[in-house]
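S.K.: Sharing a structure with you now.
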Amino acid sequence: MSEVTKEAIEEALKGYVQPDLGKDLVSTKMVKDIQIDGGKVKLTVLLGFPAKSVAEDIKAGLCEAVKAVDGVTDCEVDLSWEIAAHSVQKSLKPIDNIKNIIAVASGKGGVGKSTTAVNLALALSQEGAKVGILDADIYGPSQPRMLGISGQPESPDGKTLEPMNSYHLQAMSIGFLIDEETPMIWRGPMVTQALEQLLNDTNWSDLDYLIIDLPPGTGDTQLTLAQKVPVSGAIIVTTPQDIALLDARKGFKMFEKVEVPVLGIVENMSIHICSNCGHEEHIFGEGGGKSMSDQYGVDFLGALPLEMRIREETDSGKPTVVAEPDCRTSEIYREIARKAAAKLAVQAKSYASKFPNIVIQNN
């Protein structure tokens with residue numbers, strides 16, 4: 001039996017490509033330690049993204065690769081994750097108690113962006129991260145209803161607001177402060193000021209990710225976000241429809257100009273499956289999101305179906321990820337969330353060297 005070496009183990013581990021990363025864990029420096037005792041190998045793996053639902057799969061994949069090395073008789077993997085604060089736009093610094101802000105945007109309304117945003121936030125929470133969501137649509141806030149939250153946030157000091165909580169998610173929205181049927185008849189400057197206050201005057205508690213559900217378009221709210229809010233990355237939501245893709249491209253170009261990295265494209269309402277006969281039909285076209293991601297060289301994070309239950313569950317205040325956590329649609333939301341978080345983990349430089357006072361916590 002040949003002697004097992006660290007070099008041989010590392011080479012074998014490079015053969016295991018983690019699906020969410022699309023890369024191996026050695027080249028991404030997530031394998032922190034390799035201990036060898038005769039034929040026994042113990043790995044210490046520290047992921048840069050939450051992966052609770054696939055942790056055992058990752059361990060199995062790593063051990064399968066290791067056991068292929070001649071001389072290895074046993075494999076053990078100690079796997080955990082740390083979520084770091086990542087780089088943002090130039091001249092901006094991270095907000096206290098928020099490691100990463102991810103904007104969920106669309107160039108066009110009606111593509112299911114808010115539904116996607118809330119399910120992705122809940123998916124990240126289920127994967128083991130501490131997550132919040134900010135409803136940045138001042139004119140048409142929808143997150144209070146989607147999360148089934150009623151009442152108003154508390155303000156112990158009269159200056160700041162405590163986030164509302166639902167399904168282990170911290171949330172803030174102008175919808176918590178006004179009646180549901182009250183229209184916001186405000187001009188642009190008032191809207192942008194309200195967005196800044198909702199973000200900065202909320203007592204967010206040690207968030208790994210804050211998901212910002214942006215209104216559609218590339219107007220005042222988006223410009224404020226780009227200029228004043230430290231965003232680590234953005235996710236573009238579209239449908240396969242040509243008109244939606246046209247506007248989604250504008251959203252992509254906006255983030256490109258303000259130097260906010262786009263983590264990937266999500267194609268919503270990708271395919272309709274008849275609830276009666278099971279017939280599949282691409283009502284809004286086919287392959288548009290993938291084509292856009294190929295065109296701009298960004299990741300295609302995933303495609304979501306057009307399903308009645310997604311609408312019904314979100315309207316009832318219990319989004320699909322929590323209403324039916326084991327269904328295939330919830331699994332897709334978690335896959336998209338992990339891919340986005342993994343993309344952020346490897347593409348953005350940690351702020352730890354620039355801002356040593358930031359505390360990176362173990363999950």
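Within each chain, counting starts at residue 1; across the structure tokens, chains are named A, B, ... in the order shown, with ligands numbered 1 upward in that order.
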Could you find all residues in stretch 61-210 of chain A that DSSP calls helix (DSSP H, G or I) from the backbone, and write them as a JSON list (two decimals) with N, CA and C atoms, in the first residue's frame?
M.R.:
[["chain", "number", "residue", "atom", "x", "y", "z"],
["A", 61, "GLY", "N", -19.39, 13.84, -1.44],
["A", 61, "GLY", "CA", -18.63, 14.07, -2.66],
["A", 61, "GLY", "C", -17.15, 14.18, -2.42],
["A", 62, "LEU", "N", -16.79, 14.87, -1.34],
["A", 62, "LEU", "CA", -15.37, 15.01, -0.99],
["A", 62, "LEU", "C", -14.77, 13.66, -0.60],
["A", 63, "CYS", "N", -15.49, 12.90, 0.20],
["A", 63, "CYS", "CA", -14.98, 11.60, 0.64],
["A", 63, "CYS", "C", -14.86, 10.61, -0.52],
["A", 64, "GLU", "N", -15.80, 10.70, -1.44],
["A", 64, "GLU", "CA", -15.72, 9.83, -2.62],
["A", 64, "GLU", "C", -14.44, 10.11, -3.40],
["A", 65, "ALA", "N", -14.11, 11.40, -3.54],
["A", 65, "ALA", "CA", -12.88, 11.78, -4.24],
["A", 65, "ALA", "C", -11.64, 11.31, -3.49],
["A", 66, "VAL", "N", -11.66, 11.49, -2.18],
["A", 66, "VAL", "CA", -10.50, 11.13, -1.35],
["A", 66, "VAL", "C", -10.28, 9.62, -1.34],
["A", 67, "LYS", "N", -11.35, 8.86, -1.25],
["A", 67, "LYS", "CA", -11.22, 7.40, -1.16],
["A", 67, "LYS", "C", -10.73, 6.77, -2.46],
["A", 113, "LYS", "N", -40.66, 39.69, -9.39],
["A", 113, "LYS", "CA", -39.42, 40.03, -8.67],
["A", 113, "LYS", "C", -39.59, 39.96, -7.16],
["A", 114, "SER", "N", -40.66, 40.54, -6.63],
["A", 114, "SER", "CA", -40.86, 40.56, -5.18],
["A", 114, "SER", "C", -41.07, 39.16, -4.62],
["A", 115, "THR", "N", -41.83, 38.35, -5.36],
["A", 115, "THR", "CA", -42.03, 36.95, -4.95],
["A", 115, "THR", "C", -40.71, 36.21, -4.95],
["A", 116, "THR", "N", -39.90, 36.45, -5.97],
["A", 116, "THR", "CA", -38.58, 35.82, -6.04],
["A", 116, "THR", "C", -37.70, 36.30, -4.90],
["A", 117, "ALA", "N", -37.72, 37.61, -4.63],
["A", 117, "ALA", "CA", -36.86, 38.18, -3.59],
["A", 117, "ALA", "C", -37.17, 37.58, -2.21],
["A", 118, "VAL", "N", -38.46, 37.49, -1.87],
["A", 118, "VAL", "CA", -38.81, 37.00, -0.53],
["A", 118, "VAL", "C", -38.49, 35.51, -0.40],
["A", 119, "ASN", "N", -38.72, 34.74, -1.46],
["A", 119, "ASN", "CA", -38.39, 33.32, -1.40],
["A", 119, "ASN", "C", -36.88, 33.09, -1.34],
["A", 120, "LEU", "N", -36.11, 33.91, -2.03],
["A", 120, "LEU", "CA", -34.65, 33.77, -1.96],
["A", 120, "LEU", "C", -34.14, 34.15, -0.57],
["A", 121, "ALA", "N", -34.72, 35.18, 0.02],
["A", 121, "ALA", "CA", -34.32, 35.57, 1.38],
["A", 121, "ALA", "C", -34.62, 34.44, 2.36],
["A", 122, "LEU", "N", -35.80, 33.87, 2.25],
["A", 122, "LEU", "CA", -36.18, 32.75, 3.12],
["A", 122, "LEU", "C", -35.31, 31.52, 2.86],
["A", 123, "ALA", "N", -34.94, 31.31, 1.60],
["A", 123, "ALA", "CA", -34.08, 30.18, 1.26],
["A", 123, "ALA", "C", -32.70, 30.33, 1.88],
["A", 124, "LEU", "N", -32.14, 31.53, 1.82],
["A", 124, "LEU", "CA", -30.83, 31.77, 2.44],
["A", 124, "LEU", "C", -30.90, 31.53, 3.95],
["A", 125, "SER", "N", -32.01, 31.93, 4.55],
["A", 125, "SER", "CA", -32.20, 31.69, 5.98],
["A", 125, "SER", "C", -32.24, 30.19, 6.29],
["A", 126, "GLN", "N", -32.98, 29.44, 5.46],
["A", 126, "GLN", "CA", -33.06, 28.00, 5.66],
["A", 126, "GLN", "C", -31.69, 27.33, 5.47],
["A", 143, "GLN", "N", -44.04, 43.37, 0.59],
["A", 143, "GLN", "CA", -43.48, 42.40, 1.52],
["A", 143, "GLN", "C", -44.30, 42.18, 2.79],
["A", 144, "PRO", "N", -44.97, 43.20, 3.36],
["A", 144, "PRO", "CA", -45.79, 42.93, 4.55],
["A", 144, "PRO", "C", -46.83, 41.84, 4.32],
["A", 145, "ARG", "N", -47.53, 41.91, 3.18],
["A", 145, "ARG", "CA", -48.53, 40.89, 2.88],
["A", 145, "ARG", "C", -47.86, 39.55, 2.57],
["A", 146, "MET", "N", -46.78, 39.58, 1.81],
["A", 146, "MET", "CA", -46.11, 38.34, 1.43],
["A", 146, "MET", "C", -45.57, 37.58, 2.64],
["A", 174, "ILE", "N", -42.02, 50.36, 4.06],
["A", 174, "ILE", "CA", -42.89, 51.50, 4.31],
["A", 174, "ILE", "C", -44.31, 51.02, 4.55],
["A", 175, "GLY", "N", -44.61, 49.80, 4.08],
["A", 175, "GLY", "CA", -45.93, 49.22, 4.28],
["A", 175, "GLY", "C", -46.26, 48.94, 5.73],
["A", 176, "PHE", "N", -45.23, 48.87, 6.59],
["A", 176, "PHE", "CA", -45.47, 48.67, 8.03],
["A", 176, "PHE", "C", -45.90, 49.97, 8.70],
["A", 188, "GLY", "N", -39.88, 62.26, -6.16],
["A", 188, "GLY", "CA", -38.65, 61.47, -6.09],
["A", 188, "GLY", "C", -37.78, 61.69, -4.87],
["A", 189, "PRO", "N", -37.45, 62.95, -4.51],
["A", 189, "PRO", "CA", -36.56, 63.18, -3.36],
["A", 189, "PRO", "C", -37.12, 62.61, -2.06],
["A", 190, "MET", "N", -38.43, 62.66, -1.87],
["A", 190, "MET", "CA", -39.03, 62.11, -0.66],
["A", 190, "MET", "C", -38.91, 60.59, -0.64],
["A", 191, "VAL", "N", -39.04, 59.99, -1.81],
["A", 191, "VAL", "CA", -38.94, 58.54, -1.91],
["A", 191, "VAL", "C", -37.53, 58.08, -1.57],
["A", 192, "THR", "N", -36.54, 58.74, -2.14],
["A", 192, "THR", "CA", -35.15, 58.33, -1.87],
["A", 192, "THR", "C", -34.77, 58.58, -0.41],
["A", 193, "GLN", "N", -35.28, 59.65, 0.17],
["A", 193, "GLN", "CA", -35.02, 59.91, 1.58],
["A", 193, "GLN", "C", -35.66, 58.83, 2.44],
["A", 194, "ALA", "N", -36.85, 58.41, 2.08],
["A", 194, "ALA", "CA", -37.54, 57.35, 2.84],
["A", 194, "ALA", "C", -36.76, 56.04, 2.75],
["A", 195, "LEU", "N", -36.24, 55.73, 1.57],
["A", 195, "LEU", "CA", -35.45, 54.51, 1.41],
["A", 195, "LEU", "C", -34.22, 54.53, 2.30],
["A", 196, "GLU", "N", -33.52, 55.66, 2.31],
["A", 196, "GLU", "CA", -32.32, 55.77, 3.14],
["A", 196, "GLU", "C", -32.66, 55.62, 4.61],
["A", 197, "GLN", "N", -33.77, 56.20, 5.04],
["A", 197, "GLN", "CA", -34.16, 56.11, 6.45],
["A", 197, "GLN", "C", -34.55, 54.68, 6.82],
["A", 198, "LEU", "N", -35.29, 54.01, 5.94],
["A", 198, "LEU", "CA", -35.68, 52.63, 6.23],
["A", 198, "LEU", "C", -34.46, 51.73, 6.36],
["A", 199, "LEU", "N", -33.45, 51.99, 5.55],
["A", 199, "LEU", "CA", -32.23, 51.20, 5.60],
["A", 199, "LEU", "C", -31.39, 51.54, 6.82],
["A", 200, "ASN", "N", -31.11, 52.82, 7.00],
["A", 200, "ASN", "CA", -30.13, 53.23, 8.02],
["A", 200, "ASN", "C", -30.71, 53.38, 9.42]]
S.K.: Please provide as JSON, numbers by chain all residues within 9 Å of A:Pro50, with the sequence filter that same-chain residues fewer than 4 positions apart are discarded (counting only C-alpha atoms).
M.R.: {"A": [80, 81, 82, 83, 124, 125, 126, 127, 128, 129, 338, 341, 342, 363]}
S.K.: The selected residues should be written to file as a PDB file, in the first residue's frame (atoms: C-alpha atoms).
M.R.:
ATOM      1  CA  SER A  80     -18.904  24.578   8.376  1.00  0.00           C
ATOM      2  CA  TRP A  81     -19.276  28.031   6.838  1.00  0.00           C
ATOM      3  CA  GLU A  82     -18.325  31.618   7.532  1.00  0.00           C
ATOM      4  CA  ILE A  83     -19.968  34.468   5.657  1.00  0.00           C
ATOM      5  CA  LEU A 124     -30.831  31.770   2.442  1.00  0.00           C
ATOM      6  CA  SER A 125     -32.199  31.693   5.981  1.00  0.00           C
ATOM      7  CA  GLN A 126     -33.058  27.995   5.660  1.00  0.00           C
ATOM      8  CA  GLU A 127     -29.529  27.337   4.407  1.00  0.00           C
ATOM      9  CA  GLY A 128     -28.101  28.687   7.654  1.00  0.00           C
ATOM     10  CA  ALA A 129     -27.589  32.428   7.184  1.00  0.00           C
ATOM     11  CA  ARG A 338     -26.839  29.074  -2.746  1.00  0.00           C
ATOM     12  CA  ALA A 341     -24.181  33.374  -2.246  1.00  0.00           C
ATOM     13  CA  ALA A 342     -21.413  31.125  -3.594  1.00  0.00           C
ATOM     14  CA  ASN A 363     -22.478  29.741  11.597  1.00  0.00           C
TER      15      ASN A 363
END
S.K.: Measuring between only C-alpha atoms, which one of A:Ile9, A:Leu301, A:Ile235, A:Val258 shows the shortest distance to A:Ile36?
M.R.: A:Ile9
S.K.: Just checking: using only C-alpha atoms, which residue out of A:Val4, A:Ile133, A:Leu147, A:Leu207 ends up closest to A:Glu313?
M.R.: A:Leu147
S.K.: Which distance in Å separates atom CA of A:Phe255 and atom CA of A:Ile211, to one decimal?
M.R.: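 According to the coordinates, atom CA of A:Phe255 and atom CA of A:Ile211 are separated by 15.7 Å.
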S.K.: Applying 9 Å and only C-alpha atoms, which residues near A:Glu154 remain after dropping the ones on its own chain fewer than 4 positions away? List them as a compact mmCIF listing (two decimals) with N, CA, C and O atoms, in the first residue's frame.
M.R.:
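File around08.txt, as written:
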# COMPACT_ATOMS: atom_id res chain seq x y z
N GLY A 158 -37.53 56.37 19.80
CA GLY A 158 -38.21 57.39 19.04
C GLY A 158 -37.45 57.84 17.80
O GLY A 158 -37.91 58.73 17.07
N THR A 160 -35.11 55.29 15.97
CA THR A 160 -34.84 54.12 15.13
C THR A 160 -35.99 53.12 15.23
O THR A 160 -36.81 53.19 16.15
N LEU A 161 -36.01 52.19 14.28
CA LEU A 161 -37.08 51.20 14.22
C LEU A 161 -36.52 49.80 14.44
O LEU A 161 -35.42 49.49 13.97
N GLU A 162 -37.27 48.99 15.14
CA GLU A 162 -36.94 47.58 15.26
C GLU A 162 -37.52 46.84 14.06
O GLU A 162 -38.68 47.04 13.73
N PRO A 163 -36.74 46.00 13.41
CA PRO A 163 -37.29 45.26 12.27
C PRO A 163 -38.41 44.34 12.70
O PRO A 163 -38.41 43.81 13.81
N MET A 164 -39.37 44.13 11.81
CA MET A 164 -40.42 43.15 12.04
C MET A 164 -39.83 41.77 11.73
O MET A 164 -38.86 41.64 10.98
S.K.: Give me the residues near A:Glu56 as a ChimeraX atom specification, where near means some atom within 12 Å (using only C-alpha atoms) and where sequence neighbours in that chain fewer than 2 positions away do not count.
M.R.: /A:51-54,58-63,76-80
S.K.: Since we have the selection now, will you write its residues out, keeping C-alpha atoms, as an mmCIF file, in the first residue's frame?
M.R.:
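Result file result-v3.cif:
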data_model
loop_
_atom_site.group_PDB
_atom_site.id
_atom_site.type_symbol
_atom_site.label_atom_id
_atom_site.label_comp_id
_atom_site.auth_asym_id
_atom_site.auth_seq_id
_atom_site.Cartn_x
_atom_site.Cartn_y
_atom_site.Cartn_z
ATOM 1 C CA ALA A 51 -25.217 25.251 2.587
ATOM 2 C CA LYS A 52 -27.227 23.503 5.278
ATOM 3 C CA SER A 53 -29.411 21.454 2.938
ATOM 4 C CA VAL A 54 -26.487 20.110 0.892
ATOM 5 C CA ILE A 58 -20.720 17.914 -0.098
ATOM 6 C CA LYS A 59 -19.151 15.682 2.547
ATOM 7 C CA ALA A 60 -20.051 12.587 0.535
ATOM 8 C CA GLY A 61 -18.631 14.066 -2.660
ATOM 9 C CA LEU A 62 -15.374 15.012 -0.985
ATOM 10 C CA CYS A 63 -14.978 11.601 0.641
ATOM 11 C CA GLU A 76 -13.910 12.314 7.683
ATOM 12 C CA VAL A 77 -15.032 15.843 6.819
ATOM 13 C CA ASP A 78 -15.539 18.668 9.308
ATOM 14 C CA LEU A 79 -17.658 21.147 7.325
ATOM 15 C CA SER A 80 -18.904 24.578 8.376
#
